[in-house]
$ cat protein-v6.csv   # CSV, C-alpha atoms
chain,number,residue,atom,x,y,z
A,293,MET,CA,7.5,-0.8,10.3
A,294,LEU,CA,5.9,-1.3,6.9
A,295,ALA,CA,2.3,-2.3,6.6
A,296,VAL,CA,0.6,-3.0,3.2
A,297,PRO,CA,-2.7,-4.5,2.3
A,298,VAL,CA,-1.5,-6.7,-0.6
A,299,ALA,CA,1.8,-7.5,-2.3
A,300,PRO,CA,3.5,-10.2,-4.2
A,301,PRO,CA,5.3,-12.8,-2.0
A,302,ASP,CA,8.7,-12.2,-3.6
A,303,THR,CA,8.4,-8.4,-3.0
A,304,VAL,CA,7.4,-9.0,0.7
A,305,GLU,CA,10.5,-11.2,1.2
A,306,GLN,CA,12.8,-8.6,-0.4
A,307,LEU,CA,11.4,-5.8,1.8
A,308,ARG,CA,11.5,-7.9,5.0
A,309,GLY,CA,15.2,-7.4,5.3
A,310,GLU,CA,14.8,-3.6,4.9
A,311,VAL,CA,12.5,-2.9,7.8
A,312,ASP,CA,12.2,-3.9,11.5
A,313,GLU,CA,8.7,-5.3,11.0
A,314,LEU,CA,6.5,-6.0,7.9
A,315,VAL,CA,2.8,-6.7,7.9
A,316,CYS,CA,1.2,-7.8,4.6
A,317,LEU,CA,-2.5,-8.8,4.9
A,318,PHE,CA,-2.6,-10.8,1.6
A,319,GLU,CA,0.2,-12.3,-0.5
A,320,PRO,CA,-1.5,-13.8,-3.5
A,321,PRO,CA,0.6,-16.5,-5.2
A,322,TYR,CA,-0.2,-15.1,-8.7
A,323,PHE,CA,0.1,-11.4,-8.4
A,324,HIS,CA,-0.9,-9.5,-11.6
A,325,ALA,CA,-1.9,-6.0,-10.7
A,326,VAL,CA,-2.7,-4.3,-7.4
A,327,GLY,CA,-6.0,-2.9,-8.7
A,328,VAL,CA,-7.4,-6.4,-9.1
A,329,HIS,CA,-7.6,-6.7,-5.3
A,330,TYR,CA,-9.7,-3.6,-4.7
A,331,GLY,CA,-13.4,-2.9,-5.3
A,332,ASP,CA,-12.6,0.7,-6.2
A,333,PHE,CA,-9.1,1.5,-7.5
A,334,HIS,CA,-9.8,4.7,-9.5
A,335,GLN,CA,-7.1,7.2,-10.3
A,336,ILE,CA,-7.1,10.4,-8.2
A,337,GLU,CA,-5.7,13.8,-9.1
A,338,ASP,CA,-2.7,15.5,-7.4
A,339,ASP,CA,-4.9,18.1,-5.8
A,340,GLU,CA,-7.0,15.4,-4.1
A,341,VAL,CA,-3.8,13.9,-2.6
A,342,ILE,CA,-2.6,17.3,-1.5
A,343,ALA,CA,-6.0,18.0,0.2
A,344,LEU,CA,-5.9,14.7,2.0
A,345,LEU,CA,-2.3,15.2,3.2
A,346,ASP,CA,-3.2,18.7,4.4
A,347,ALA,CA,-6.3,17.4,6.3
A,348,ALA,CA,-4.2,14.7,7.9
A,349,ALA,CA,-1.5,17.2,9.0
A,350,VAL,CA,-4.2,19.4,10.7
A,351,GLY,CA,-5.2,16.4,12.8
A,352,ARG,CA,-1.7,15.9,14.2
$ encode --input "protein-v6.csv" --output "structure tokens"
Amino acid sequence: MLAVPVAPPDTVEQLRGEVDELVCLFEPPYFHAVGVHYGDFHQIEDDEVIALLDAAAVGR
């Protein structure tokens, strides 16, 4: 299972054969950059990612 919020249509088609199920909420016909499709797409630091992963692991 692969679920993504946005991706280029050609990429979705390539990946469809690699997974049992693929869900893509939006496949814009002219895909330029993923950040264009988000209101806030700022860069985050490695330590922020580690903290989020640690917090998610505690909830399991």
$ atom_distance --input "protein-v6.csv" --atom1 "atom CA of A:His329" --atom2 "atom CA of A:Val298"
7.7 Å
$ closest_residue --input "protein-v6.csv" --among "A:Asp302, A:Asp332, A:Val350, A:Val296" --to "A:Phe318" --atoms "all atoms listed in the file"
A:Val296
$ atom_distance --input "protein-v6.csv" --atom1 "atom CA of A:Cys316" --atom2 "atom CA of A:Thr303"
10.5 Å
$ atom_distance --input "protein-v6.csv" --atom1 "atom CA of A:Pro321" --atom2 "atom CA of A:His334"
24.0 Å
$ closest_residue --input "protein-v6.csv" --among "A:Leu317, A:Ile336, A:Val341, A:Val328" --to "A:Val304" --atoms "only C-alpha atoms"
A:Leu317
$ closest_residue --input "protein-v6.csv" --among "A:Gly351, A:Gly327, A:Ala295, A:Leu345" --to "A:Asp312" --atoms "all atoms listed in the file"
A:Ala295
$ residues_around --input "protein-v6.csv" --residues "A:Val326" --least-positions-apart "6" --cutoff "10 Å" --atoms "all atoms listed in the file" --output "PDB file with C-alpha atoms, in the coordinates of the input"
ATOM      1  CA  PRO A 297      -2.700  -4.500   2.300  1.00  0.00           C
ATOM      2  CA  VAL A 298      -1.500  -6.700  -0.600  1.00  0.00           C
ATOM      3  CA  ALA A 299       1.800  -7.500  -2.300  1.00  0.00           C
ATOM      4  CA  PRO A 300       3.500 -10.200  -4.200  1.00  0.00           C
ATOM      5  CA  PHE A 333      -9.100   1.500  -7.500  1.00  0.00           C
TER       6      PHE A 333
END
